[in-house]
$ cat protein_5.csv   # CSV, C-alpha atoms and all ligand atoms
chain,number,residue,atom,x,y,z
A,1,MET,CA,22.1,-74.9,-18.6
A,2,GLU,CA,18.8,-74.4,-16.8
A,3,GLY,CA,17.3,-71.1,-17.9
A,4,GLY,CA,19.8,-70.6,-20.7
A,5,PHE,CA,22.2,-67.7,-20.7
A,6,ASP,CA,23.1,-64.3,-22.3
A,7,TYR,CA,26.5,-63.6,-23.7
A,8,ASP,CA,27.9,-60.3,-24.9
A,9,ALA,CA,31.4,-60.6,-26.5
A,10,LEU,CA,33.7,-57.8,-25.4
A,11,GLN,CA,35.9,-56.2,-27.9
A,12,GLY,CA,39.6,-55.8,-27.5
A,13,ARG,CA,43.0,-56.6,-29.1
A,14,VAL,CA,45.5,-58.7,-27.2
A,15,VAL,CA,49.2,-58.8,-28.1
A,16,PHE,CA,51.2,-61.4,-26.1
A,17,GLY,CA,54.9,-62.3,-26.0
A,18,ALA,CA,58.3,-61.6,-24.5
A,19,GLY,CA,59.6,-58.2,-25.7
A,20,ARG,CA,56.2,-57.1,-27.1
A,21,VAL,CA,56.3,-53.9,-25.1
A,22,MET,CA,58.3,-52.7,-28.1
A,23,ASP,CA,55.0,-52.9,-30.1
A,24,VAL,CA,53.4,-50.2,-28.0
A,25,PRO,CA,54.2,-47.3,-30.3
A,26,ALA,CA,52.7,-49.3,-33.2
A,27,GLU,CA,49.6,-50.0,-31.1
A,28,VAL,CA,49.3,-46.3,-30.4
A,29,GLU,CA,49.4,-45.6,-34.1
A,30,ARG,CA,46.8,-48.3,-34.8
A,31,LEU,CA,44.4,-46.3,-32.6
A,32,ASP,CA,45.4,-43.1,-34.4
A,33,GLY,CA,47.0,-41.8,-31.2
A,34,ARG,CA,49.3,-38.8,-31.5
A,35,ARG,CA,49.5,-37.6,-27.9
A,36,ALA,CA,49.6,-40.4,-25.4
A,37,LEU,CA,49.5,-39.9,-21.6
A,38,VAL,CA,51.6,-42.7,-20.0
A,39,ILE,CA,50.5,-43.8,-16.5
A,40,GLY,CA,53.0,-45.9,-14.7
A,41,GLY,CA,53.0,-47.7,-11.4
A,42,HIS,CA,55.6,-47.1,-8.6
A,43,ALA,CA,58.0,-49.9,-9.8
A,44,GLN,CA,57.7,-48.9,-13.4
A,45,GLU,CA,60.2,-45.9,-13.6
A,46,GLU,CA,62.5,-47.8,-16.0
A,47,PRO,CA,59.9,-49.2,-18.3
A,48,VAL,CA,58.2,-45.8,-18.4
A,49,LYS,CA,61.5,-44.1,-19.4
A,50,ARG,CA,61.9,-46.7,-22.2
A,51,LEU,CA,58.3,-46.2,-23.3
A,52,GLU,CA,58.8,-42.4,-23.4
A,53,ALA,CA,61.9,-42.9,-25.6
A,54,MET,CA,60.2,-45.3,-27.9
A,55,LEU,CA,57.1,-43.1,-28.3
A,56,GLY,CA,59.1,-39.9,-28.9
A,57,VAL,CA,56.8,-37.0,-29.9
A,58,ALA,CA,53.8,-39.3,-29.5
A,59,CYS,CA,54.3,-39.1,-25.7
A,60,ALA,CA,52.4,-36.1,-24.5
A,61,GLY,CA,53.2,-36.6,-20.8
A,62,THR,CA,53.7,-39.1,-18.0
A,63,ILE,CA,52.3,-39.8,-14.5
A,64,VAL,CA,54.4,-42.1,-12.4
A,65,GLY,CA,53.2,-43.3,-9.1
A,66,VAL,CA,49.7,-44.5,-8.5
A,67,ARG,CA,47.7,-45.5,-5.4
A,68,GLN,CA,45.6,-48.6,-4.9
A,69,HIS,CA,41.8,-48.4,-5.2
A,70,VAL,CA,42.0,-45.1,-7.2
A,71,PRO,CA,41.4,-42.3,-4.6
A,72,LEU,CA,39.1,-39.7,-6.1
A,73,ASP,CA,41.7,-36.9,-5.7
A,74,SER,CA,44.2,-39.0,-7.8
A,75,ALA,CA,41.5,-39.5,-10.5
A,76,ALA,CA,40.7,-35.8,-10.5
A,77,ALA,CA,44.4,-34.8,-10.9
A,78,ALA,CA,45.0,-37.3,-13.7
A,79,ARG,CA,41.9,-36.2,-15.6
A,80,GLU,CA,43.0,-32.6,-15.3
A,81,HIS,CA,46.5,-33.5,-16.5
A,82,ALA,CA,45.1,-35.4,-19.5
A,83,ALA,CA,42.9,-32.4,-20.5
A,84,GLU,CA,45.8,-30.0,-20.1
A,85,LEU,CA,48.0,-32.1,-22.4
A,86,SER,CA,45.2,-32.7,-24.9
A,87,ALA,CA,46.0,-36.4,-24.6
A,88,ASP,CA,44.2,-38.5,-27.2
A,89,CYS,CA,45.0,-41.9,-25.6
A,90,LEU,CA,46.2,-43.4,-22.4
A,91,ILE,CA,48.9,-46.0,-21.9
A,92,ALA,CA,48.8,-47.8,-18.5
A,93,ILE,CA,51.9,-49.7,-17.6
A,94,GLY,CA,52.0,-51.4,-14.2
A,95,GLY,CA,49.7,-53.4,-11.9
A,96,GLY,CA,45.9,-53.0,-11.5
A,97,SER,CA,46.5,-49.6,-9.8
A,98,ALA,CA,48.0,-48.1,-13.0
A,99,VAL,CA,45.3,-49.6,-15.1
A,100,GLY,CA,42.7,-48.4,-12.5
A,101,LEU,CA,43.9,-44.8,-12.8
A,102,ALA,CA,43.8,-44.9,-16.6
A,103,LYS,CA,40.2,-46.3,-16.3
A,104,ALA,CA,39.2,-43.4,-14.1
A,105,VAL,CA,40.5,-41.0,-16.7
A,106,ALA,CA,38.8,-42.9,-19.5
A,107,LEU,CA,35.5,-42.9,-17.7
A,108,THR,CA,35.1,-39.1,-17.9
A,109,GLU,CA,37.5,-38.2,-20.8
A,110,ARG,CA,36.4,-41.1,-23.1
A,111,LEU,CA,40.0,-41.7,-24.2
A,112,PRO,CA,41.1,-45.2,-25.4
A,113,ILE,CA,43.4,-47.2,-23.1
A,114,ILE,CA,46.4,-49.3,-24.1
A,115,ALA,CA,47.2,-51.5,-21.1
A,116,VAL,CA,50.6,-53.1,-20.4
A,117,PRO,CA,50.0,-55.1,-17.2
A,118,THR,CA,52.9,-56.2,-15.0
A,119,THR,CA,50.9,-58.1,-12.4
A,120,TYR,CA,48.1,-60.8,-12.6
A,121,SER,CA,45.3,-58.4,-11.5
A,122,GLY,CA,43.3,-59.0,-14.7
A,123,SER,CA,41.9,-55.5,-14.6
A,124,GLU,CA,43.2,-54.9,-18.2
A,125,MET,CA,40.5,-57.3,-19.5
A,126,THR,CA,37.5,-55.9,-17.8
A,127,PRO,CA,35.1,-52.9,-18.3
A,128,ILE,CA,35.0,-52.5,-14.5
A,129,TRP,CA,36.2,-49.3,-12.9
A,130,GLY,CA,36.7,-48.5,-9.2
A,131,LEU,CA,37.0,-45.2,-7.3
A,132,THR,CA,37.5,-44.6,-3.6
A,133,SER,CA,36.5,-41.7,-1.4
A,134,ASP,CA,35.9,-41.4,2.4
A,135,GLY,CA,36.8,-45.0,3.0
A,136,GLU,CA,34.3,-46.4,0.5
A,137,LYS,CA,35.0,-47.9,-2.9
A,138,THR,CA,32.5,-47.5,-5.7
A,139,THR,CA,32.6,-49.8,-8.7
A,140,GLY,CA,30.8,-49.8,-12.0
A,141,ARG,CA,30.9,-51.1,-15.6
A,142,ASP,CA,31.4,-48.9,-18.6
A,143,LEU,CA,32.7,-50.1,-22.0
A,144,ALA,CA,34.7,-46.8,-22.3
A,145,VAL,CA,37.1,-48.1,-19.6
A,146,LEU,CA,37.7,-51.5,-21.3
A,147,PRO,CA,41.3,-51.3,-22.7
A,148,ARG,CA,41.2,-51.3,-26.5
A,149,THR,CA,44.6,-53.0,-26.6
A,150,VAL,CA,46.4,-55.1,-24.1
A,151,VAL,CA,50.1,-55.8,-24.5
A,152,TYR,CA,51.2,-58.7,-22.3
A,153,ASP,CA,55.0,-58.9,-22.1
A,154,PRO,CA,56.1,-61.5,-19.6
A,155,GLU,CA,59.6,-59.9,-19.4
A,156,LEU,CA,58.0,-57.0,-17.6
A,157,THR,CA,57.0,-59.4,-14.7
A,158,VAL,CA,60.5,-60.7,-14.1
A,159,GLY,CA,61.1,-58.2,-11.4
A,160,LEU,CA,57.9,-58.9,-9.6
A,161,PRO,CA,58.7,-60.0,-6.1
A,162,GLY,CA,57.6,-63.5,-5.0
A,163,ALA,CA,55.2,-62.1,-2.4
A,164,ILE,CA,53.4,-60.0,-5.1
A,165,VAL,CA,53.4,-63.0,-7.5
A,166,ALA,CA,51.7,-65.0,-4.8
A,167,ALA,CA,49.0,-62.5,-3.8
A,168,SER,CA,48.4,-61.2,-7.3
A,169,GLY,CA,48.2,-64.8,-8.6
A,170,MET,CA,45.5,-65.6,-6.0
A,171,ASN,CA,43.7,-62.5,-7.2
A,172,ALA,CA,43.6,-64.0,-10.7
A,173,MET,CA,42.6,-67.3,-9.2
A,174,ALA,CA,39.7,-65.6,-7.4
A,175,HIS,CA,38.5,-64.1,-10.8
A,176,CYS,CA,38.3,-67.7,-12.2
A,177,VAL,CA,36.6,-69.2,-9.1
A,178,GLU,CA,34.0,-66.4,-8.9
A,179,ALA,CA,33.4,-66.5,-12.7
A,180,LEU,CA,32.3,-70.1,-12.3
A,181,TRP,CA,29.4,-69.3,-10.0
A,182,ALA,CA,28.7,-65.7,-11.0
A,183,ALA,CA,25.2,-64.6,-12.4
A,184,GLY,CA,26.6,-64.1,-15.9
A,185,ALA,CA,28.5,-67.4,-16.1
A,186,ASN,CA,28.1,-69.2,-19.4
A,187,PRO,CA,29.9,-72.0,-21.2
A,188,LEU,CA,32.5,-69.7,-22.7
A,189,THR,CA,33.4,-67.9,-19.5
A,190,SER,CA,33.4,-71.1,-17.5
A,191,ALA,CA,35.8,-72.7,-20.0
A,192,LEU,CA,38.1,-69.7,-19.7
A,193,ALA,CA,37.9,-69.8,-15.9
A,194,GLU,CA,38.6,-73.5,-15.6
A,195,ASP,CA,41.5,-73.3,-18.0
A,196,GLY,CA,42.7,-70.2,-16.2
A,197,ILE,CA,42.9,-72.2,-12.9
A,198,ARG,CA,44.6,-75.1,-14.7
A,199,MET,CA,47.2,-72.8,-16.0
A,200,LEU,CA,47.7,-70.5,-13.0
A,201,ALA,CA,48.2,-73.0,-10.2
A,202,PRO,CA,51.3,-74.8,-11.5
A,203,ALA,CA,52.8,-71.7,-13.1
A,204,LEU,CA,52.4,-69.7,-9.9
A,205,ARG,CA,54.0,-72.5,-7.8
A,206,ARG,CA,56.9,-72.5,-10.3
A,207,VAL,CA,57.4,-68.8,-10.4
A,208,VAL,CA,57.4,-68.5,-6.6
A,209,ALA,CA,60.0,-71.4,-6.5
A,210,ASP,CA,62.2,-69.8,-9.1
A,211,VAL,CA,61.6,-66.2,-10.2
A,212,HIS,CA,63.7,-66.7,-13.2
A,213,ASP,CA,61.6,-69.5,-14.7
A,214,ARG,CA,60.5,-67.8,-17.9
A,215,ASP,CA,58.1,-70.5,-19.0
A,216,ALA,CA,56.3,-70.3,-15.7
A,217,ARG,CA,56.1,-66.5,-16.0
A,218,ASP,CA,54.6,-66.9,-19.5
A,219,GLY,CA,52.1,-69.4,-18.1
A,220,ALA,CA,51.1,-67.2,-15.1
A,221,LEU,CA,50.5,-64.2,-17.3
A,222,LEU,CA,48.5,-66.3,-19.8
A,223,GLY,CA,46.4,-67.6,-16.9
A,224,ALA,CA,45.9,-64.0,-15.7
A,225,TRP,CA,44.6,-63.1,-19.2
A,226,LEU,CA,42.1,-66.0,-19.1
A,227,ALA,CA,41.1,-65.0,-15.5
A,228,GLY,CA,40.4,-61.4,-16.4
A,229,ALA,CA,38.5,-62.4,-19.5
A,230,ALA,CA,36.4,-64.9,-17.5
A,231,LEU,CA,35.5,-62.3,-14.9
A,232,ALA,CA,34.7,-59.6,-17.5
A,233,GLY,CA,32.2,-61.9,-19.1
A,234,ALA,CA,30.7,-63.6,-16.1
A,235,GLY,CA,30.6,-60.7,-13.6
A,236,THR,CA,31.5,-60.5,-10.0
A,237,GLY,CA,29.7,-61.7,-6.9
A,238,LEU,CA,30.0,-62.0,-3.1
A,239,HIS,CA,33.8,-62.6,-3.1
A,240,HIS,CA,34.7,-59.5,-5.1
A,241,ARG,CA,32.1,-57.4,-3.2
A,242,ILE,CA,33.7,-58.4,0.1
A,243,CYS,CA,37.2,-57.6,-1.3
A,244,HIS,CA,36.1,-54.2,-2.7
A,245,VAL,CA,34.6,-53.2,0.6
A,246,LEU,CA,37.8,-54.2,2.4
A,247,GLY,CA,39.8,-52.3,-0.2
A,248,GLY,CA,37.7,-49.2,0.6
A,249,LEU,CA,38.8,-49.6,4.2
A,250,GLY,CA,42.4,-49.4,3.0
A,251,LEU,CA,43.4,-53.1,3.0
A,252,PRO,CA,45.8,-54.3,0.2
A,253,HIS,CA,43.8,-55.6,-2.7
A,254,ALA,CA,45.5,-58.8,-3.9
A,255,GLU,CA,46.4,-59.9,-0.4
A,256,VAL,CA,42.8,-59.6,0.7
A,257,HIS,CA,41.7,-61.8,-2.3
A,258,ALA,CA,44.1,-64.4,-1.1
A,259,ALA,CA,42.9,-64.3,2.5
A,260,VAL,CA,39.2,-64.4,1.7
A,261,LEU,CA,38.9,-66.7,-1.3
A,262,ALA,CA,38.8,-70.1,0.4
A,263,HIS,CA,36.3,-68.9,3.0
A,264,VAL,CA,33.8,-67.6,0.4
A,265,ALA,CA,34.3,-70.9,-1.5
A,266,ALA,CA,33.6,-72.9,1.6
A,267,PHE,CA,30.4,-70.8,2.2
A,268,ASN,CA,29.2,-71.2,-1.4
A,269,ALA,CA,30.2,-74.9,-1.7
A,270,PRO,CA,26.7,-76.3,-0.7
A,271,ALA,CA,25.0,-74.0,-3.3
A,272,ALA,CA,27.5,-74.3,-6.2
A,273,PRO,CA,28.7,-77.9,-6.2
A,274,ASP,CA,29.3,-78.0,-10.0
A,275,SER,CA,31.4,-74.8,-9.9
A,276,LEU,CA,33.5,-76.2,-7.0
A,277,GLU,CA,33.9,-79.5,-8.8
A,278,ARG,CA,35.3,-77.7,-11.8
A,279,VAL,CA,37.7,-75.8,-9.5
A,280,ALA,CA,38.8,-79.1,-7.9
A,281,ARG,CA,39.3,-80.7,-11.3
A,282,ALA,CA,41.4,-77.8,-12.5
A,283,LEU,CA,43.5,-77.8,-9.4
A,284,GLY,CA,43.9,-81.6,-9.6
A,285,CYS,CA,42.6,-82.2,-6.1
A,286,ALA,CA,39.6,-83.8,-4.5
A,287,ASP,CA,38.3,-80.8,-2.6
A,288,ALA,CA,38.2,-77.3,-4.0
A,289,VAL,CA,38.3,-75.4,-0.7
A,290,ALA,CA,41.2,-77.3,0.6
A,291,GLY,CA,42.9,-77.0,-2.8
A,292,LEU,CA,42.5,-73.2,-2.8
A,293,ALA,CA,43.7,-72.9,0.8
A,294,GLY,CA,46.6,-75.2,0.0
A,295,LEU,CA,47.7,-73.2,-3.0
A,296,ALA,CA,47.6,-69.9,-1.1
A,297,HIS,CA,49.7,-71.6,1.7
A,298,ASP,CA,52.2,-73.1,-0.8
A,299,LEU,CA,52.6,-69.7,-2.5
A,300,GLY,CA,53.1,-67.9,0.8
A,301,ALA,CA,50.0,-65.9,0.4
A,302,SER,CA,48.4,-67.0,3.6
A,303,ALA,CA,48.2,-63.7,5.7
A,304,THR,CA,45.0,-63.5,7.7
A,305,LEU,CA,42.7,-60.5,7.5
A,306,VAL,CA,44.0,-59.6,11.1
A,307,GLU,CA,47.5,-59.6,9.8
A,308,LEU,CA,46.4,-57.4,6.9
A,309,GLY,CA,44.9,-54.9,9.3
A,310,LEU,CA,41.2,-55.8,9.7
A,311,SER,CA,40.0,-55.2,13.3
A,312,ALA,CA,36.8,-56.7,14.7
A,313,GLU,CA,35.2,-53.2,14.4
A,314,GLY,CA,36.4,-53.0,10.7
A,315,ALA,CA,34.8,-56.5,10.1
A,316,ASP,CA,31.5,-55.3,11.6
A,317,LEU,CA,31.5,-52.2,9.3
A,318,ALA,CA,32.5,-54.3,6.3
A,319,ALA,CA,29.7,-56.8,7.0
A,320,ASP,CA,27.2,-53.9,7.3
A,321,ARG,CA,28.4,-52.4,4.0
A,322,VAL,CA,28.2,-55.7,2.1
A,323,ALA,CA,24.7,-56.4,3.4
A,324,ARG,CA,23.5,-52.9,2.5
A,325,THR,CA,23.5,-53.8,-1.2
A,326,PRO,CA,23.9,-57.6,-1.2
A,327,PRO,CA,25.5,-59.0,-4.4
A,328,TRP,CA,24.1,-61.8,-6.4
A,329,ASN,CA,25.4,-65.0,-5.0
A,330,PRO,CA,24.6,-68.7,-5.6
A,331,ARG,CA,23.8,-69.0,-1.8
A,332,GLN,CA,21.6,-66.5,-0.1
A,333,VAL,CA,23.7,-64.4,2.2
A,334,THR,CA,22.9,-62.4,5.3
A,335,ARG,CA,24.9,-59.8,7.2
A,336,ASP,CA,25.7,-62.4,9.8
A,337,ASP,CA,26.9,-64.8,7.1
A,338,VAL,CA,29.3,-62.1,5.8
A,339,ARG,CA,30.5,-61.3,9.3
A,340,GLY,CA,31.1,-65.1,9.8
A,341,ILE,CA,33.1,-65.3,6.6
A,342,LEU,CA,35.2,-62.2,7.6
A,343,GLU,CA,35.8,-63.7,11.1
A,344,ASP,CA,37.0,-67.0,9.6
A,345,ALA,CA,39.3,-65.1,7.2
A,346,ARG,CA,40.5,-62.8,10.0
A,347,LEU,CA,41.7,-65.8,12.0
A,348,ALA,CA,42.1,-68.4,9.2
A,349,VAL,CA,39.5,-70.6,10.8
A,350,GLY,CA,38.8,-73.8,8.9
A,351,ARG,CA,41.8,-73.5,6.7
A,352,CYS,CA,43.6,-76.7,5.7
B,401,LIG,P1,49.2,-52.7,-7.7
B,401,LIG,O1,49.0,-52.3,-9.1
B,401,LIG,O2,49.0,-51.8,-6.6
B,401,LIG,O3,50.7,-53.4,-7.6
B,401,LIG,C1,51.1,-54.1,-6.4
B,401,LIG,C2,52.5,-53.7,-6.2
B,401,LIG,O4,53.3,-54.4,-7.2
B,401,LIG,C3,52.9,-52.3,-6.2
B,401,LIG,O5,53.7,-51.9,-5.2
B,401,LIG,C4,53.6,-52.1,-7.6
B,401,LIG,O6,54.5,-51.1,-7.6
B,401,LIG,C5,54.3,-53.5,-7.7
B,401,LIG,N1,54.6,-53.9,-9.0
B,401,LIG,C6,53.7,-54.0,-10.1
B,401,LIG,N2,54.4,-54.5,-11.1
B,401,LIG,C7,55.7,-54.8,-10.7
B,401,LIG,C8,56.8,-55.3,-11.4
B,401,LIG,N3,56.7,-55.7,-12.7
B,401,LIG,N4,57.9,-55.4,-10.7
B,401,LIG,C9,58.0,-55.1,-9.4
B,401,LIG,N5,56.9,-54.5,-8.7
B,401,LIG,C10,55.8,-54.4,-9.4
B,401,LIG,O7,48.3,-54.0,-7.3
B,401,LIG,P2,47.4,-55.0,-8.2
B,401,LIG,O8,47.1,-56.1,-7.2
B,401,LIG,O9,48.1,-55.3,-9.5
B,401,LIG,O10,46.1,-54.2,-8.5
B,401,LIG,C11,45.3,-53.7,-7.5
B,401,LIG,C12,44.3,-52.7,-8.0
B,401,LIG,O11,43.7,-53.1,-9.2
B,401,LIG,C13,43.2,-52.4,-7.0
B,401,LIG,O12,43.0,-51.0,-6.9
B,401,LIG,C14,42.1,-53.2,-7.5
B,401,LIG,O13,40.8,-52.7,-7.1
B,401,LIG,C15,42.3,-53.1,-9.0
B,401,LIG,N6,41.7,-54.2,-9.8
B,401,LIG,C16,40.7,-53.9,-10.6
B,401,LIG,C17,40.1,-54.9,-11.4
B,401,LIG,C18,39.0,-54.5,-12.3
B,401,LIG,O14,38.6,-55.4,-13.1
B,401,LIG,N7,38.6,-53.3,-12.3
B,401,LIG,C19,40.6,-56.2,-11.3
B,401,LIG,C20,41.7,-56.5,-10.4
B,401,LIG,C21,42.2,-55.4,-9.7

$ encode --input "protein_5.csv" --output "structure tokens"
Amino acid sequence: MEGGFDYDALQGRVVFGAGRVMDVPAEVERLDGRRALVIGGHAQEEPVKRLEAMLGVACAGTIVGVRQHVPLDSAAAAREHAAELSADCLIAIGGGSAVGLAKAVALTERLPIIAVPTTYSGSEMTPIWGLTSDGEKTTGRDLAVLPRTVVYDPELTVGLPGAIVAASGMNAMAHCVEALWAAGANPLTSALAEDGIRMLAPALRRVVADVHDRDARDGALLGAWLAGAALAGAGTGLHHRICHVLGGLGLPHAEVHAAVLAHVAAFNAPAAPDSLERVARALGCADAVAGLAGLAHDLGASATLVELGLSAEGADLAADRVARTPPWNPRQVTRDDVRGILEDARLAVGRC
């Protein structure tokens, strides 16, 4: 550990287990909540109705239907709604988009969040918020948006389609990989990240092969927890910056992570050999880049950035934006490097 490290433990309570969504009312009480605003994703109508019934008078209101990357107008409407209802806590149930909208409300209204994630986005473990306007995504860190309680119920992921399992699983994988080489990496976050990879890879392969494999669903959600916790502690770098810029341009979040990850790993490989060795070890393969590309391929998460809608002009603009405020990265990166990575990911060049 040349130069040592700093480590700030993040607070938060995690409740994990099949059927534990039933514990949400007790978790609201634990936070002294009396008027919860429930924020649910598009596919969450049923769970939201059940939550409303379980909460009874403790449910002050509901927002169902969220958009990716938290457009500023969605955030403004949700904040206004929370204030009108005099909400005293937020319950986000759904993928990263539902958690993201709750974070946008928490950022200004300072309300505690209970997150009930149904994808592997990992957002529920981080103090990172994101907001999008005019095609640009802004992100930041604020402890007020870190969910106070996370309720992981693998049963809520049973309806998750294979394509979303694959892409969202690669999003979690990207958290682990970047956490290994990020500026804030330390022995604890690296252990979480390596174990996250070890848990996610086989579990995701099994879930995609059989969506009813409950053990594998448990393993994938556990891996997502470790991935989110690793990223929250270690911070983000070039990979996440590229994905956030592409998200601002309207590309789908998890699918972009899947398309870009192996290419950033290939770029960083000469400068972060120890990190890549840990990735390879956890994947059980000889070469981390090939292992990551192979996993995405096996899961069916191998759409190129062209297939996800990134034109050559869009790639030029994205490279300009990444280079405008270059992120910390183990290998020095220029605008042309970013453009090269984007071109490789647009066309899947160099993939195994
Ligand atoms: P998402 O929340 O948009 O969900 C993807 C799709 O899955 C949606 O169509 C949703 O309706 C569907 N879905 C979710 N759960 C389902 C279920 N159980 N059954 C069936 N369908 C289901 O996408 P995501 O990838 O989870 O999250 C992406 C968003 O989260 C982006 O805005 C991204 O920036 C943000 N994010 C933030 C962080 C952070 O730390 N701040 C980390 C990761 C992602």

$ closest_atom_pairs --input "protein_5.csv" --of "chain A" --to "ligand LIG 401 (chain B)" --cutoff "8 Å" --atoms "all atoms listed in the file" --output "CSV"
residue,atom,partner,partner_atom,distance
A:Gly41,CA,B:LIG401,O6,5.3
A:His42,CA,B:LIG401,O6,4.3
A:Ala43,CA,B:LIG401,O6,4.3
A:Gln44,CA,B:LIG401,C8,6.8
A:Val66,CA,B:LIG401,O2,7.6
A:Arg67,CA,B:LIG401,O2,6.5
A:Gln68,CA,B:LIG401,O12,4.1
A:His69,CA,B:LIG401,O12,3.3
A:Val70,CA,B:LIG401,O12,6.0
A:Gly94,CA,B:LIG401,N2,5.0
A:Gly95,CA,B:LIG401,O1,3.1
A:Gly96,CA,B:LIG401,O11,3.2
A:Ser97,CA,B:LIG401,O1,3.7
A:Ala98,CA,B:LIG401,O1,5.8
A:Val99,CA,B:LIG401,O11,7.0
A:Gly100,CA,B:LIG401,O11,5.8
A:Pro117,CA,B:LIG401,N2,7.5
A:Thr118,CA,B:LIG401,N3,4.5
A:Thr119,CA,B:LIG401,O9,4.9
A:Tyr120,CA,B:LIG401,O9,6.3
A:Ser121,CA,B:LIG401,C20,4.2
A:Gly122,CA,B:LIG401,C19,5.2
A:Ser123,CA,B:LIG401,C19,3.6
A:Glu124,CA,B:LIG401,O14,6.9
A:Met125,CA,B:LIG401,O14,6.9
A:Thr126,CA,B:LIG401,O14,4.9
A:Pro127,CA,B:LIG401,O14,6.7
A:Ile128,CA,B:LIG401,N7,4.3
A:Trp129,CA,B:LIG401,N7,4.7
A:Gly130,CA,B:LIG401,N7,6.0
A:Thr139,CA,B:LIG401,N7,7.8
A:Leu156,CA,B:LIG401,N3,5.2
A:Thr157,CA,B:LIG401,N3,4.2
A:Val158,CA,B:LIG401,N3,6.4
A:Gly159,CA,B:LIG401,N4,4.3
A:Leu160,CA,B:LIG401,N4,3.7
A:Pro161,CA,B:LIG401,C9,5.9
A:Ile164,CA,B:LIG401,O4,6.0
A:Ala167,CA,B:LIG401,O8,7.5
A:Ser168,CA,B:LIG401,O8,5.3
A:Asn171,CA,B:LIG401,C20,7.1
A:Ala172,CA,B:LIG401,C20,7.7
A:Gly228,CA,B:LIG401,O14,7.1
A:Leu231,CA,B:LIG401,O14,7.8
A:Ala232,CA,B:LIG401,O14,7.2
A:His244,CA,B:LIG401,O13,6.6
A:Gly247,CA,B:LIG401,O13,7.0
A:Pro252,CA,B:LIG401,O8,7.7
A:His253,CA,B:LIG401,C11,5.4
A:Ala254,CA,B:LIG401,O8,4.6
A:Glu255,CA,B:LIG401,O8,7.8

$ closest_residue --input "protein_5.csv" --among "A:Pro270, A:Gly19, A:Gly314, A:Pro71" --to "Leu246 in chain A" --atoms "all atoms listed in the file"
A:Gly314

$ residues_around --input "protein_5.csv" --residues "Val208 in chain A" --least-positions-apart "2" --cutoff "8 Å" --atoms "all atoms listed in the file" --output "PyMOL selection string"
chain A and resi 162-163+165-166+204-206+210-211+299

$ closest_residue --input "protein_5.csv" --among "A:Ile113, A:Ala82, A:Ala201, A:Val264" --to "Gly291 in chain A" --atoms "only C-alpha atoms"
A:Ala201

$ closest_residue --input "protein_5.csv" --among "A:Val289, A:Leu342, A:Ile39, A:Leu55" --to "Ala26 in chain A" --atoms "only C-alpha atoms"
A:Leu55

$ atom_distance --input "protein_5.csv" --atom1 "CA of Val150 in chain A" --atom2 "CA of Arg198 in chain A"
22.2 Å

$ atom_distance --input "protein_5.csv" --atom1 "CA of Ser302 in chain A" --atom2 "CA of Pro202 in chain A"
17.2 Å

$ closest_residue --input "protein_5.csv" --among "A:Ser190, A:Thr304, A:Thr132, A:Thr62" --to "Pro47 in chain A" --atoms "all atoms listed in the file"
A:Thr62

$ residues_around --input "protein_5.csv" --residues "Ala78 in chain A" --least-positions-apart "6" --cutoff "9 Å" --atoms "all atoms listed in the file" --output "PyMOL selection string"
chain A and resi 39+63+101-102+104-105

$ atom_distance --input "protein_5.csv" --atom1 "CA of Val306 in chain A" --atom2 "CA of Gly135 in chain A"
18.2 Å

$ closest_residue --input "protein_5.csv" --among "A:Leu283, A:Leu347, A:Leu10, A:Ala60" --to "Ala312 in chain A" --atoms "only C-alpha atoms"
A:Leu347

$ closest_residue --input "protein_5.csv" --among "A:Cys176, A:Gly65, A:Asp195, A:Ala258" --to "Ala301 in chain A" --atoms "only C-alpha atoms"
A:Ala258

$ residues_around --input "protein_5.csv" --residues "Val333 in chain A" --least-positions-apart "5" --cutoff "12 Å" --atoms "all atoms listed in the file" --output "list in words"
Gly237, Leu238, His239, Ile242, Val264, Phe267, Asn268, Ala271, Ala319, Val322, Ala323, Arg324, Thr325, Pro326, Pro327, Trp328, Val338, Arg339, Gly340 and Ile341 of chain A

$ residues_around --input "protein_5.csv" --residues "Ala280 in chain A" --least-positions-apart "6" --cutoff "12 Å" --atoms "only C-alpha atoms" --output "ChimeraX atom specification"
/A:177,180,194-195,197-198,201,265,269,273-274,286-295

$ write_last_selection --input "protein_5.csv" --atoms "C-alpha atoms" --output "CSV table (one decimal), keeping the file's coordinate frame"
chain,number,residue,atom,x,y,z
A,177,VAL,CA,36.6,-69.2,-9.1
A,180,LEU,CA,32.3,-70.1,-12.3
A,194,GLU,CA,38.6,-73.5,-15.6
A,195,ASP,CA,41.5,-73.3,-18.0
A,197,ILE,CA,42.9,-72.2,-12.9
A,198,ARG,CA,44.6,-75.1,-14.7
A,201,ALA,CA,48.2,-73.0,-10.2
A,265,ALA,CA,34.3,-70.9,-1.5
A,269,ALA,CA,30.2,-74.9,-1.7
A,273,PRO,CA,28.7,-77.9,-6.2
A,274,ASP,CA,29.3,-78.0,-10.0
A,286,ALA,CA,39.6,-83.8,-4.5
A,287,ASP,CA,38.3,-80.8,-2.6
A,288,ALA,CA,38.2,-77.3,-4.0
A,289,VAL,CA,38.3,-75.4,-0.7
A,290,ALA,CA,41.2,-77.3,0.6
A,291,GLY,CA,42.9,-77.0,-2.8
A,292,LEU,CA,42.5,-73.2,-2.8
A,293,ALA,CA,43.7,-72.9,0.8
A,294,GLY,CA,46.6,-75.2,0.0
A,295,LEU,CA,47.7,-73.2,-3.0

$ residues_around --input "protein_5.csv" --residues "Arg35 in chain A" --least-positions-apart "3" --cutoff "8 Å" --atoms "all atoms listed in the file" --output "VMD selection string"
chain A and resid 57 to 60 85 to 89
